[in-house]
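Peer 1: Dropping in protein-v3.cif, which is mmCIF, C-alpha atoms; chains and numbers go by the auth columns:
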data_upload
#
loop_
_atom_site.group_PDB
_atom_site.id
_atom_site.type_symbol
_atom_site.label_atom_id
_atom_site.label_comp_id
_atom_site.label_asym_id
_atom_site.label_seq_id
_atom_site.Cartn_x
_atom_site.Cartn_y
_atom_site.Cartn_z
_atom_site.B_iso_or_equiv
_atom_site.auth_seq_id
_atom_site.auth_asym_id
ATOM 1 C CA MET A 1 -99.864 73.517 -109.144 0.00 154 A
ATOM 2 C CA LYS A 2 -99.098 76.470 -106.865 0.00 155 A
ATOM 3 C CA ILE A 3 -97.203 79.293 -108.556 0.00 156 A
ATOM 4 C CA ALA A 4 -94.458 81.044 -106.605 0.00 157 A
ATOM 5 C CA GLU A 5 -94.702 84.716 -105.719 0.00 158 A
ATOM 6 C CA VAL A 6 -91.988 87.373 -105.638 0.00 159 A
ATOM 7 C CA GLY A 7 -89.899 86.784 -102.517 0.00 160 A
ATOM 8 C CA ASN A 8 -90.534 83.035 -102.255 0.00 161 A
ATOM 9 C CA VAL A 9 -87.531 80.730 -101.941 0.00 162 A
ATOM 10 C CA VAL A 10 -87.715 77.909 -104.497 0.00 163 A
ATOM 11 C CA GLU A 11 -85.671 74.761 -105.092 0.00 164 A
ATOM 12 C CA PHE A 12 -85.011 73.204 -108.492 0.00 165 A
ATOM 13 C CA LYS A 13 -82.538 71.000 -110.372 0.00 166 A
ATOM 14 C CA GLU A 14 -81.262 68.714 -107.615 0.00 167 A
ATOM 15 C CA GLY A 15 -80.926 71.234 -104.796 0.00 168 A
ATOM 16 C CA LEU A 16 -80.304 74.630 -106.372 0.00 169 A
ATOM 17 C CA GLN A 17 -82.145 77.361 -104.469 0.00 170 A
ATOM 18 C CA GLY A 18 -82.976 80.985 -105.113 0.00 171 A
ATOM 19 C CA ILE A 19 -85.346 83.848 -104.401 0.00 172 A
ATOM 20 C CA VAL A 20 -88.065 84.611 -106.949 0.00 173 A
ATOM 21 C CA GLU A 21 -87.556 88.102 -108.369 0.00 174 A
ATOM 22 C CA LYS A 22 -90.182 88.102 -111.126 0.00 175 A
ATOM 23 C CA VAL A 23 -93.136 85.915 -112.039 0.00 176 A
ATOM 24 C CA ASN A 24 -93.873 85.382 -115.730 0.00 177 A
ATOM 25 C CA GLU A 25 -96.734 83.494 -117.387 0.00 178 A
ATOM 26 C CA ASN A 26 -94.852 80.185 -117.634 0.00 179 A
ATOM 27 C CA SER A 27 -91.782 80.738 -115.464 0.00 180 A
ATOM 28 C CA VAL A 28 -90.061 82.670 -112.687 0.00 181 A
ATOM 29 C CA ILE A 29 -86.772 84.562 -112.634 0.00 182 A
ATOM 30 C CA VAL A 30 -84.702 83.394 -109.680 0.00 183 A
ATOM 31 C CA ASP A 31 -81.723 85.034 -107.921 0.00 184 A
ATOM 32 C CA LEU A 32 -79.261 82.267 -107.001 0.00 185 A
ATOM 33 C CA THR A 33 -76.866 84.367 -104.896 0.00 186 A
ATOM 34 C CA ILE A 34 -78.563 83.296 -101.622 0.00 187 A
ATOM 35 C CA MET A 35 -76.880 79.883 -101.795 0.00 188 A
ATOM 36 C CA GLU A 36 -73.820 79.550 -99.544 0.00 189 A
ATOM 37 C CA ASN A 37 -71.851 77.766 -102.289 0.00 190 A
ATOM 38 C CA PHE A 38 -72.935 80.133 -105.092 0.00 191 A
ATOM 39 C CA HIS A 39 -69.392 81.276 -105.970 0.00 192 A
ATOM 40 C CA GLU A 40 -68.106 77.694 -106.069 0.00 193 A
ATOM 41 C CA LEU A 41 -70.748 76.745 -108.653 0.00 194 A
ATOM 42 C CA GLU A 42 -69.548 79.392 -111.155 0.00 195 A
ATOM 43 C CA MET A 43 -73.073 80.097 -112.385 0.00 196 A
ATOM 44 C CA GLU A 44 -74.874 83.223 -113.504 0.00 197 A
ATOM 45 C CA GLU A 45 -76.562 85.200 -110.705 0.00 198 A
ATOM 46 C CA LYS A 46 -80.051 84.735 -112.155 0.00 199 A
ATOM 47 C CA THR A 47 -81.855 82.035 -114.075 0.00 200 A
ATOM 48 C CA VAL A 48 -85.301 81.271 -115.480 0.00 201 A
ATOM 49 C CA VAL A 49 -87.215 78.272 -114.112 0.00 202 A
ATOM 50 C CA ASN A 50 -90.466 76.867 -115.525 0.00 203 A
ATOM 51 C CA HIS A 51 -93.356 76.671 -113.049 0.00 204 A
ATOM 52 C CA LYS A 52 -93.382 72.864 -113.435 0.00 205 A
ATOM 53 C CA ARG A 53 -89.703 72.568 -112.445 0.00 206 A
ATOM 54 C CA TYR A 54 -89.499 74.096 -108.967 0.00 207 A
ATOM 55 C CA LYS A 55 -90.755 73.484 -105.446 0.00 208 A
ATOM 56 C CA ILE A 56 -91.652 76.395 -103.160 0.00 209 A
ATOM 57 C CA LEU A 57 -89.686 76.123 -99.900 0.00 210 A
ATOM 58 C CA ASN A 58 -90.763 79.210 -97.987 0.00 211 A
ATOM 59 C CA HIS A 59 -91.117 82.973 -97.905 0.00 212 A
ATOM 60 C CA PRO A 60 -88.126 85.074 -96.746 0.00 213 A
ATOM 61 C CA ASN A 61 -90.000 86.037 -93.557 0.00 214 A
ATOM 62 C CA GLU A 62 -89.966 82.336 -92.564 0.00 215 A
ATOM 63 C CA ILE A 63 -86.173 81.902 -92.852 0.00 216 A
#
Could you spell out this file's structure in structure tokens?

Peer 2:
Amino acid sequence: MKIAEVGNVVEFKEGLQGIVEKVNENSVIVDLTIMENFHELEMEEKTVVNHKRYKILNHPNEI
């Protein structure tokens, strides 16, 4: 299992995406505000995602 690094874009829970802000031992803290429909979802700006629950999409330099 590859662990995300700060700055990676990850996807989790059926299409939610965010930028990794901090890497912890078992999880990452993700900023969700990069999603176009963020305000429509009425979610918190940040969330914690277990390493087993996300897929790394790319690094911001690749967007």

Peer 1: Name the residues in contact with range 170-175 of chain A at a cut-off of 10 Å, using all atoms listed in the file, excluding same-chain residues fewer than 3 positions from it; report them as a PyMOL selection string.

Peer 2: chain A and resi 157-167+180-189+191+198-202+207-213

Peer 1: Written as a list of chain:residue names, which residues does the PyMOL selection byres ((chain A and resi 179) around 7) give for the file shown?

Peer 2: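 Applied to this file, the PyMOL selection byres ((chain A and resi 179) around 7) returns A:Asn177, A:Glu178, A:Ser180, A:Asn203, A:His204.
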
Peer 1: Return the padded bounding box of range 198-211 of chain A as AutoDock Vina command-line options: axis-aligned, built from all atoms listed in the file, 3 Å added on each side, with centre and edge lengths in Å to one decimal.

Peer 2:
--center_x -85.0 --center_y 78.9 --center_z -106.8 --size_x 22.8 --size_y 18.6 --size_z 23.5
